[in-house]
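A.B. asks: Structure: my_file.cif, mmCIF, C-alpha atoms.
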```cif
data_protein
loop_
_atom_site.label_atom_id
_atom_site.label_comp_id
_atom_site.auth_asym_id
_atom_site.auth_seq_id
_atom_site.Cartn_x
_atom_site.Cartn_y
_atom_site.Cartn_z
CA MET A 1 -79.22 48.49 -115.07
CA THR A 2 -75.48 48.44 -115.66
CA LEU A 3 -73.03 51.17 -116.44
CA ARG A 4 -71.96 51.57 -120.03
CA ARG A 5 -68.76 49.79 -120.99
CA GLY A 6 -65.66 51.65 -119.85
CA PHE A 7 -67.48 54.09 -117.59
CA LYS A 8 -65.91 52.87 -114.33
CA LYS A 9 -62.45 53.56 -115.77
CA GLU A 10 -63.60 57.01 -116.97
CA ALA A 11 -65.01 57.76 -113.52
CA ARG A 12 -61.73 56.72 -111.83
CA GLU A 13 -59.72 58.93 -114.18
CA LEU A 14 -62.09 61.89 -113.80
CA ALA A 15 -62.08 61.56 -110.01
CA GLU A 16 -58.26 61.49 -110.03
CA GLU A 17 -58.18 64.66 -112.16
CA VAL A 18 -60.68 66.43 -109.90
CA ARG A 19 -58.82 65.40 -106.76
CA ALA A 20 -55.58 66.67 -108.33
CA GLU A 21 -57.30 69.99 -109.08
CA LEU A 22 -58.23 70.18 -105.40
CA GLY A 23 -54.69 69.24 -104.39
CA ILE A 24 -55.65 66.08 -102.51
CA ASP A 25 -54.39 62.49 -102.72
CA ALA A 26 -56.33 59.21 -102.67
CA LEU A 27 -56.41 59.03 -98.85
CA THR A 28 -57.54 62.59 -98.21
CA PRO A 29 -61.27 63.19 -97.70
CA LEU A 30 -62.78 65.20 -100.54
CA ASP A 31 -64.64 68.37 -99.57
CA PRO A 32 -67.61 68.49 -101.98
CA TYR A 33 -68.27 72.12 -101.01
CA ALA A 34 -64.75 73.08 -102.11
CA LEU A 35 -65.42 71.17 -105.32
CA ALA A 36 -68.63 73.14 -105.90
CA GLU A 37 -66.75 76.38 -105.28
CA LEU A 38 -63.99 75.33 -107.69
CA TYR A 39 -66.58 74.79 -110.42
CA GLY A 40 -68.55 77.97 -109.65
CA ILE A 41 -71.61 76.21 -108.26
CA GLU A 42 -73.22 78.14 -105.43
CA VAL A 43 -74.71 76.09 -102.59
CA PHE A 44 -77.70 77.25 -100.57
CA ASP A 45 -79.59 75.56 -97.79
CA LEU A 46 -83.18 75.78 -96.66
CA THR A 47 -82.49 78.72 -94.34
CA HIS A 48 -82.52 81.05 -97.37
CA PRO A 49 -84.91 83.92 -96.52
CA ASP A 50 -86.67 83.80 -99.92
CA LEU A 51 -88.00 80.28 -99.32
CA PRO A 52 -91.58 79.89 -98.04
CA PRO A 53 -91.45 79.24 -94.27
CA ASP A 54 -94.21 76.59 -94.34
CA SER A 55 -92.39 74.61 -97.02
CA VAL A 56 -89.11 74.88 -95.15
CA ARG A 57 -90.74 73.68 -91.93
CA HIS A 58 -92.26 70.73 -93.79
CA LEU A 59 -88.89 69.76 -95.33
CA THR A 60 -86.86 70.25 -92.16
CA GLU A 61 -89.25 69.18 -89.39
CA VAL A 62 -92.28 67.28 -90.67
CA ARG A 63 -90.75 65.16 -93.45
CA PRO A 64 -87.01 65.89 -93.64
CA HIS A 65 -86.30 62.55 -95.37
CA VAL A 66 -88.17 63.54 -98.55
CA PHE A 67 -85.67 66.18 -99.65
CA SER A 68 -81.88 66.02 -99.56
CA ALA A 69 -80.87 68.41 -102.33
CA ALA A 70 -81.75 69.87 -105.70
CA LEU A 71 -79.50 70.75 -108.60
CA VAL A 72 -81.23 73.77 -110.14
CA PRO A 73 -80.30 75.01 -113.61
CA LEU A 74 -79.76 78.71 -114.17
CA ALA A 75 -79.86 80.31 -117.61
CA PRO A 76 -77.88 80.18 -119.76
CA SER A 77 -75.52 77.44 -118.53
CA GLY A 78 -75.08 77.69 -114.78
CA ALA A 79 -76.57 75.86 -111.82
CA ILE A 80 -76.96 76.07 -108.06
CA ILE A 81 -77.44 73.39 -105.44
CA ILE A 82 -80.01 73.70 -102.66
CA GLU A 83 -79.44 71.24 -99.82
CA ASN A 84 -81.30 70.20 -96.70
CA HIS A 85 -79.17 71.49 -93.84
CA VAL A 86 -80.85 69.31 -91.19
CA HIS A 87 -79.37 66.10 -92.57
CA HIS A 88 -76.29 64.52 -91.03
CA PRO A 89 -73.05 66.09 -92.36
CA ARG A 90 -71.89 62.78 -93.85
CA ARG A 91 -75.15 62.39 -95.74
CA ARG A 92 -74.88 65.98 -96.96
CA ARG A 93 -71.33 65.33 -98.22
CA SER A 94 -72.55 62.29 -100.15
CA THR A 95 -75.50 64.19 -101.60
CA MET A 96 -73.28 67.10 -102.62
CA ALA A 97 -70.79 64.74 -104.28
CA HIS A 98 -73.66 63.14 -106.21
CA GLU A 99 -74.99 66.49 -107.44
CA MET A 100 -71.47 67.62 -108.36
CA ALA A 101 -70.99 64.36 -110.28
CA HIS A 102 -73.90 65.42 -112.51
CA VAL A 103 -72.12 68.74 -113.06
CA LEU A 104 -68.74 67.12 -113.77
CA LEU A 105 -70.29 64.67 -116.21
CA GLU A 106 -72.13 67.55 -117.90
CA HIS A 107 -75.40 65.66 -117.72
CA PRO A 108 -78.28 67.45 -119.40
CA PHE A 109 -80.97 68.22 -116.85
CA SER A 110 -83.86 70.39 -115.90
CA LEU A 111 -84.26 70.05 -112.13
CA MET A 112 -82.83 67.12 -110.16
CA LEU A 113 -84.07 66.38 -106.67
CA THR A 114 -82.38 64.03 -104.25
CA ASP A 115 -84.16 62.31 -101.38
CA GLU A 116 -83.43 59.33 -99.13
CA GLY A 117 -83.91 56.98 -102.10
CA GLY A 118 -81.41 58.83 -104.28
CA CYS A 119 -81.62 61.33 -107.07
CA ARG A 120 -84.87 61.57 -108.99
CA SER A 121 -84.15 62.03 -112.67
CA ALA A 122 -85.96 60.69 -115.70
CA VAL A 123 -82.80 58.98 -116.96
CA ALA A 124 -81.71 56.03 -114.82
CA ALA A 125 -78.40 55.66 -116.70
CA LEU A 126 -77.39 59.21 -115.76
CA GLU A 127 -78.21 58.52 -112.11
CA GLU A 128 -76.10 55.39 -112.13
CA GLU A 129 -73.18 57.32 -113.63
CA ALA A 130 -73.50 60.08 -111.02
CA THR A 131 -73.65 57.50 -108.23
CA GLU A 132 -70.52 55.77 -109.50
CA LEU A 133 -68.58 59.01 -109.92
CA SER A 134 -69.65 60.41 -106.56
CA GLY A 135 -68.48 57.22 -104.88
CA GLU A 136 -65.18 57.44 -106.72
CA LEU A 137 -64.80 61.08 -105.66
CA LEU A 138 -65.50 60.32 -101.99
CA ILE A 139 -63.53 57.05 -101.72
CA PRO A 140 -61.34 56.61 -104.79
CA THR A 141 -60.42 53.09 -105.85
CA GLY A 142 -56.77 53.80 -105.01
CA GLY A 143 -57.72 54.88 -101.51
CA ALA A 144 -59.96 51.83 -101.05
CA ARG A 145 -57.09 49.55 -102.08
CA VAL A 146 -54.68 51.17 -99.62
CA ALA A 147 -57.34 50.80 -96.91
CA ALA A 148 -57.78 47.11 -97.79
CA PHE A 149 -54.05 46.40 -97.73
CA ARG A 150 -53.84 48.14 -94.35
CA GLY A 151 -56.70 45.98 -93.08
CA TRP A 152 -59.03 48.90 -92.28
CA SER A 153 -62.57 48.00 -91.25
CA ASP A 154 -65.54 49.65 -92.95
CA GLN A 155 -65.92 51.83 -89.85
CA VAL A 156 -62.32 53.06 -90.12
CA VAL A 157 -62.80 53.75 -93.85
CA ALA A 158 -66.02 55.68 -93.10
CA SER A 159 -64.26 57.72 -90.44
CA ARG A 160 -61.18 58.38 -92.59
CA PHE A 161 -63.16 59.58 -95.63
CA ARG A 162 -65.97 61.22 -93.60
CA VAL A 163 -68.73 59.19 -95.21
CA SER A 164 -71.46 56.92 -93.89
CA LEU A 165 -70.75 53.32 -92.98
CA ARG A 166 -73.04 52.29 -95.84
CA MET A 167 -71.01 54.32 -98.35
CA ALA A 168 -67.72 52.92 -97.01
CA ARG A 169 -69.00 49.35 -97.23
CA TRP A 170 -70.29 49.89 -100.79
CA ARG A 171 -67.04 51.44 -102.03
CA MET A 172 -64.86 48.76 -100.42
CA ASN A 173 -67.01 46.10 -102.11
CA VAL A 174 -67.57 47.68 -105.53
CA SER A 175 -63.92 48.68 -105.92
CA GLY A 176 -62.82 45.08 -105.34
CA ALA A 177 -60.16 46.41 -102.96
CA ARG A 178 -60.51 43.69 -100.34
CA ARG A 179 -60.57 40.90 -102.95
CA ILE A 180 -57.33 42.25 -104.43
CA ALA A 181 -55.67 42.53 -101.01
CA CYS A 182 -56.85 39.03 -100.06
CA ARG A 183 -55.51 37.49 -103.29
CA TRP A 184 -52.18 39.27 -102.74
CA ARG A 185 -51.96 37.95 -99.19
CA ASP A 186 -52.83 34.42 -100.36
CA ARG A 187 -50.12 34.50 -103.06
CA ARG A 188 -47.63 35.85 -100.60
CA THR A 189 -48.48 33.16 -98.05
CA ARG A 190 -48.21 30.42 -100.70
CA GLY A 191 -44.85 31.88 -101.77
CA GLU A 192 -43.57 31.84 -98.20
CA VAL A 193 -44.70 28.23 -97.76
CA SER A 194 -42.99 27.21 -101.04
CA ALA A 195 -39.80 29.01 -100.04
CA ALA A 196 -39.76 27.21 -96.67
CA ARG A 197 -39.85 23.77 -98.30
#
```
Now that the file is in, can you turn its structure into structure tokens?

C.D. replies:
Amino acid sequence: MTLRRGFKKEARELAEEVRAELGIDALTPLDPYALAELYGIEVFDLTHPDLPPDSVRHLTEVRPHVFSAALVPLAPSGAIIIENHVHHPRRRRSTMAHEMAHVLLEHPFSLMLTDEGGCRSAVAALEEEATELSGELLIPTGGARVAAFRGWSDQVVASRFRVSLRMARWRMNVSGARRIACRWRDRRTRGEVSAAR
């Protein structure tokens, strides 16, 4: 499946607006919890006392990989996010950004669950949009390009933006940042060679 025409540009612009609302630039790590707070979305984890202890134990000890988070609608138009607190903080940040992308894009939903394979929704196109926007929120194209021009490795990008190595690698590839930096370096080198002749 591919994103609808023009969506990547919309996602970049929306991510820039959201980052501006949070007062951060393209090289500052986004705090998805601050984003949730800004939009009035409460976040709970599985330590909530109203949750059944056997279910919590199953999701945190027996099979923690089967549940990352859930975006739960509240009547009439609100929502909360319930996340699995035993996951690595970088994974939790990515999951939160994905769930907040659904909120920012005003996707219609009932209940959306996220596990190790991604978000489980009936509409694949909406999942792809949320994935694209969450990536743009966590590592904006502008930030990826700066990282590429500075020659940062995927590990440095992951560390800088507080995301997984997998997320850093994906964003550096999908943004085209390294291709752009490489072409610029090639043109510059050719220009220097021509000038020397």

A.B. asks: Written as number ranges by chain, which residues does the PyMOL selection byres ((chain A and resi 87-103) around 7) give for the file shown?

C.D. replies: A: 32, 36, 68-69, 71, 84-86, 104-107, 130-131, 133-134, 162-164

A.B. asks: Produce a table with one row for each residue of stretch 82-191 of chain A that has an atom at most 8 Å from any atom of stretch 10-31 of chain A, each row naming the nearest atom pair and its distance in Å at one decimal; use only C-alpha atoms; arrange rows by chain and rising residue number; format as JSON lines.

C.D. replies:
```
{"residue": "A:Arg93", "atom": "CA", "partner": "A:Asp31", "partner_atom": "CA", "distance": 7.5}
{"residue": "A:Glu132", "atom": "CA", "partner": "A:Ala11", "partner_atom": "CA", "distance": 7.1}
{"residue": "A:Leu133", "atom": "CA", "partner": "A:Ala11", "partner_atom": "CA", "distance": 5.2}
{"residue": "A:Glu136", "atom": "CA", "partner": "A:Ala15", "partner_atom": "CA", "distance": 6.1}
{"residue": "A:Leu137", "atom": "CA", "partner": "A:Ala15", "partner_atom": "CA", "distance": 5.2}
{"residue": "A:Leu138", "atom": "CA", "partner": "A:Leu30", "partner_atom": "CA", "distance": 5.8}
{"residue": "A:Ile139", "atom": "CA", "partner": "A:Ala26", "partner_atom": "CA", "distance": 7.6}
{"residue": "A:Pro140", "atom": "CA", "partner": "A:Ala26", "partner_atom": "CA", "distance": 6.0}
{"residue": "A:Thr141", "atom": "CA", "partner": "A:Arg12", "partner_atom": "CA", "distance": 7.1}
{"residue": "A:Gly142", "atom": "CA", "partner": "A:Ala26", "partner_atom": "CA", "distance": 5.9}
{"residue": "A:Gly143", "atom": "CA", "partner": "A:Ala26", "partner_atom": "CA", "distance": 4.7}
{"residue": "A:Arg160", "atom": "CA", "partner": "A:Pro29", "partner_atom": "CA", "distance": 7.0}
{"residue": "A:Phe161", "atom": "CA", "partner": "A:Pro29", "partner_atom": "CA", "distance": 4.6}
{"residue": "A:Arg162", "atom": "CA", "partner": "A:Pro29", "partner_atom": "CA", "distance": 6.5}
```

A.B. asks: Could you tell me how far atom CA of A:Ala79 sits from atom CA of A:His65, in Å to one decimal place?

C.D. replies: 23.3 Å

A.B. asks: Could you tell me how far atom CA of A:Pro64 lies from atom CA of A:Glu42, in Å and to one decimal?

C.D. replies: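 Distance reported for this atom pair: 21.9 Å.
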
A.B. asks: Return the single residue from A:Ser55, A:Gln155, A:Arg166, A:Arg150 that is closest to A:Cys182, with distances computed using only C-alpha atoms.

C.D. replies: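 Selected residue with least distance to A:Cys182: A:Arg150.
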
A.B. asks: Put a box with edges along x, y and z around all the listed atoms of stretch 76-81 of chain A, pad it by 6 Å on each side, then give me its centre and sizes in Å, one decimal, as JSON.

C.D. replies:
```
{"center_x": -76.5, "center_y": 76.8, "center_z": -112.6, "size_x": 14.8, "size_y": 18.8, "size_z": 26.3}
```

A.B. asks: In Å, how far is it from atom CA of A:Asp45 to atom CA of A:Ile81?

C.D. replies: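 Result for atom CA of A:Asp45 versus atom CA of A:Ile81: 8.2 Å, one decimal.
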
A.B. asks: Show me, as an MDAnalysis selection string, the residues that have an atom within 12 Å of A:Gly151 when counting only C-alpha atoms, minus same-chain residues fewer than 4 positions from it.

C.D. replies: chainID A and resid 144:147 155:157 172 177:182 185

A.B. asks: Have a look at A:Arg188, A:His58, A:Thr47, A:Gly135 and name the one nearest to A:Met167; count all atoms listed in the file.

C.D. replies: A:Gly135

A.B. asks: Using only C-alpha atoms for the distances, tell me which of A:Ala125, A:Leu165, A:Gly176, A:Leu38 is nearest to A:Leu3.

C.D. replies: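 Counting only C-alpha atoms, the residue closest to A:Leu3 is A:Ala125.
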
A.B. asks: Please rebuild stretch 90-101 of chain A with all heavy atoms and give the result as a PDB file, keeping the file's coordinate frame.

C.D. replies:
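out_36.pdb, written as the output of this step:
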```pdb
ATOM      1  N   ARG A  90     -72.410  63.803 -92.930  1.00  0.00           N
ATOM      2  CA  ARG A  90     -71.890  62.780 -93.850  1.00  0.00           C
ATOM      3  C   ARG A  90     -72.865  62.517 -94.993  1.00  0.00           C
ATOM      4  O   ARG A  90     -72.457  62.287 -96.122  1.00  0.00           O
ATOM      5  CB  ARG A  90     -71.554  61.497 -93.097  1.00  0.00           C
ATOM      6  CG  ARG A  90     -70.349  61.702 -92.205  1.00  0.00           C
ATOM      7  CD  ARG A  90     -69.923  60.449 -91.507  1.00  0.00           C
ATOM      8  NE  ARG A  90     -68.783  60.745 -90.640  1.00  0.00           N
ATOM      9  CZ  ARG A  90     -67.988  59.850 -90.133  1.00  0.00           C
ATOM     10  NH1 ARG A  90     -68.180  58.569 -90.392  1.00  0.00           N
ATOM     11  NH2 ARG A  90     -66.984  60.200 -89.352  1.00  0.00           N
ATOM     12  N   ARG A  91     -74.147  62.539 -94.680  1.00  0.00           N
ATOM     13  CA  ARG A  91     -75.150  62.390 -95.740  1.00  0.00           C
ATOM     14  C   ARG A  91     -75.098  63.591 -96.681  1.00  0.00           C
ATOM     15  O   ARG A  91     -75.206  63.442 -97.902  1.00  0.00           O
ATOM     16  CB  ARG A  91     -76.543  62.253 -95.120  1.00  0.00           C
ATOM     17  CG  ARG A  91     -77.623  62.108 -96.167  1.00  0.00           C
ATOM     18  CD  ARG A  91     -78.964  61.848 -95.536  1.00  0.00           C
ATOM     19  NE  ARG A  91     -80.009  61.846 -96.534  1.00  0.00           N
ATOM     20  CZ  ARG A  91     -81.294  61.756 -96.251  1.00  0.00           C
ATOM     21  NH1 ARG A  91     -81.681  61.637 -94.996  1.00  0.00           N
ATOM     22  NH2 ARG A  91     -82.194  61.768 -97.194  1.00  0.00           N
ATOM     23  N   ARG A  92     -74.950  64.774 -96.135  1.00  0.00           N
ATOM     24  CA  ARG A  92     -74.880  65.980 -96.960  1.00  0.00           C
ATOM     25  C   ARG A  92     -73.661  65.932 -97.881  1.00  0.00           C
ATOM     26  O   ARG A  92     -73.744  66.325 -99.048  1.00  0.00           O
ATOM     27  CB  ARG A  92     -74.845  67.224 -96.069  1.00  0.00           C
ATOM     28  CG  ARG A  92     -76.181  67.467 -95.373  1.00  0.00           C
ATOM     29  CD  ARG A  92     -76.116  68.540 -94.325  1.00  0.00           C
ATOM     30  NE  ARG A  92     -75.656  69.802 -94.868  1.00  0.00           N
ATOM     31  CZ  ARG A  92     -75.230  70.808 -94.126  1.00  0.00           C
ATOM     32  NH1 ARG A  92     -75.195  70.691 -92.806  1.00  0.00           N
ATOM     33  NH2 ARG A  92     -74.836  71.931 -94.676  1.00  0.00           N
ATOM     34  N   ARG A  93     -72.543  65.442 -97.390  1.00  0.00           N
ATOM     35  CA  ARG A  93     -71.330  65.330 -98.220  1.00  0.00           C
ATOM     36  C   ARG A  93     -71.582  64.384 -99.392  1.00  0.00           C
ATOM     37  O   ARG A  93     -71.196  64.650-100.522  1.00  0.00           O
ATOM     38  CB  ARG A  93     -70.154  64.820 -97.374  1.00  0.00           C
ATOM     39  CG  ARG A  93     -69.594  65.835 -96.389  1.00  0.00           C
ATOM     40  CD  ARG A  93     -68.628  65.214 -95.395  1.00  0.00           C
ATOM     41  NE  ARG A  93     -67.638  64.353 -96.014  1.00  0.00           N
ATOM     42  CZ  ARG A  93     -66.552  64.776 -96.669  1.00  0.00           C
ATOM     43  NH1 ARG A  93     -66.332  66.063 -96.793  1.00  0.00           N
ATOM     44  NH2 ARG A  93     -65.696  63.927 -97.188  1.00  0.00           N
ATOM     45  N   SER A  94     -72.247  63.271 -99.108  1.00  0.00           N
ATOM     46  CA  SER A  94     -72.550  62.290-100.150  1.00  0.00           C
ATOM     47  C   SER A  94     -73.511  62.880-101.185  1.00  0.00           C
ATOM     48  O   SER A  94     -73.324  62.720-102.400  1.00  0.00           O
ATOM     49  CB  SER A  94     -73.143  61.036 -99.516  1.00  0.00           C
ATOM     50  OG  SER A  94     -73.358  60.054-100.490  1.00  0.00           O
ATOM     51  N   THR A  95     -74.532  63.554-100.701  1.00  0.00           N
ATOM     52  CA  THR A  95     -75.500  64.190-101.600  1.00  0.00           C
ATOM     53  C   THR A  95     -74.832  65.239-102.470  1.00  0.00           C
ATOM     54  O   THR A  95     -75.066  65.302-103.681  1.00  0.00           O
ATOM     55  CB  THR A  95     -76.645  64.828-100.775  1.00  0.00           C
ATOM     56  OG1 THR A  95     -77.300  63.800-100.025  1.00  0.00           O
ATOM     57  CG2 THR A  95     -77.644  65.531-101.668  1.00  0.00           C
ATOM     58  N   MET A  96     -73.989  66.058-101.852  1.00  0.00           N
ATOM     59  CA  MET A  96     -73.280  67.100-102.620  1.00  0.00           C
ATOM     60  C   MET A  96     -72.368  66.474-103.670  1.00  0.00           C
ATOM     61  O   MET A  96     -72.288  66.962-104.801  1.00  0.00           O
ATOM     62  CB  MET A  96     -72.447  67.971-101.672  1.00  0.00           C
ATOM     63  CG  MET A  96     -73.249  68.985-100.904  1.00  0.00           C
ATOM     64  SD  MET A  96     -73.921  70.276-101.971  1.00  0.00           S
ATOM     65  CE  MET A  96     -72.398  70.955-102.632  1.00  0.00           C
ATOM     66  N   ALA A  97     -71.676  65.407-103.313  1.00  0.00           N
ATOM     67  CA  ALA A  97     -70.790  64.740-104.280  1.00  0.00           C
ATOM     68  C   ALA A  97     -71.609  64.198-105.440  1.00  0.00           C
ATOM     69  O   ALA A  97     -71.181  64.264-106.598  1.00  0.00           O
ATOM     70  CB  ALA A  97     -70.002  63.618-103.599  1.00  0.00           C
ATOM     71  N   HIS A  98     -72.794  63.667-105.157  1.00  0.00           N
ATOM     72  CA  HIS A  98     -73.660  63.140-106.210  1.00  0.00           C
ATOM     73  C   HIS A  98     -74.102  64.260-107.157  1.00  0.00           C
ATOM     74  O   HIS A  98     -74.031  64.113-108.384  1.00  0.00           O
ATOM     75  CB  HIS A  98     -74.880  62.446-105.606  1.00  0.00           C
ATOM     76  CG  HIS A  98     -75.773  61.837-106.629  1.00  0.00           C
ATOM     77  ND1 HIS A  98     -75.643  60.536-107.045  1.00  0.00           N
ATOM     78  CD2 HIS A  98     -76.801  62.358-107.344  1.00  0.00           C
ATOM     79  CE1 HIS A  98     -76.552  60.276-107.968  1.00  0.00           C
ATOM     80  NE2 HIS A  98     -77.271  61.374-108.159  1.00  0.00           N
ATOM     81  N   GLU A  99     -74.545  65.365-106.589  1.00  0.00           N
ATOM     82  CA  GLU A  99     -74.990  66.490-107.440  1.00  0.00           C
ATOM     83  C   GLU A  99     -73.818  67.051-108.246  1.00  0.00           C
ATOM     84  O   GLU A  99     -73.965  67.385-109.423  1.00  0.00           O
ATOM     85  CB  GLU A  99     -75.656  67.572-106.594  1.00  0.00           C
ATOM     86  CG  GLU A  99     -76.896  67.118-105.838  1.00  0.00           C
ATOM     87  CD  GLU A  99     -77.960  66.458-106.703  1.00  0.00           C
ATOM     88  OE1 GLU A  99     -78.064  66.752-107.909  1.00  0.00           O
ATOM     89  OE2 GLU A  99     -78.707  65.624-106.161  1.00  0.00           O
ATOM     90  N   MET A 100     -72.650  67.127-107.623  1.00  0.00           N
ATOM     91  CA  MET A 100     -71.470  67.620-108.360  1.00  0.00           C
ATOM     92  C   MET A 100     -71.043  66.630-109.441  1.00  0.00           C
ATOM     93  O   MET A 100     -70.504  67.026-110.471  1.00  0.00           O
ATOM     94  CB  MET A 100     -70.317  67.911-107.397  1.00  0.00           C
ATOM     95  CG  MET A 100     -70.494  69.195-106.612  1.00  0.00           C
ATOM     96  SD  MET A 100     -70.784  70.655-107.669  1.00  0.00           S
ATOM     97  CE  MET A 100     -69.294  70.678-108.685  1.00  0.00           C
ATOM     98  N   ALA A 101     -71.303  65.345-109.236  1.00  0.00           N
ATOM     99  CA  ALA A 101     -70.990  64.360-110.280  1.00  0.00           C
ATOM    100  C   ALA A 101     -71.818  64.654-111.528  1.00  0.00           C
ATOM    101  O   ALA A 101     -71.311  64.548-112.652  1.00  0.00           O
ATOM    102  CB  ALA A 101     -71.255  62.945-109.771  1.00  0.00           C
TER     103      ALA A 101
END
```
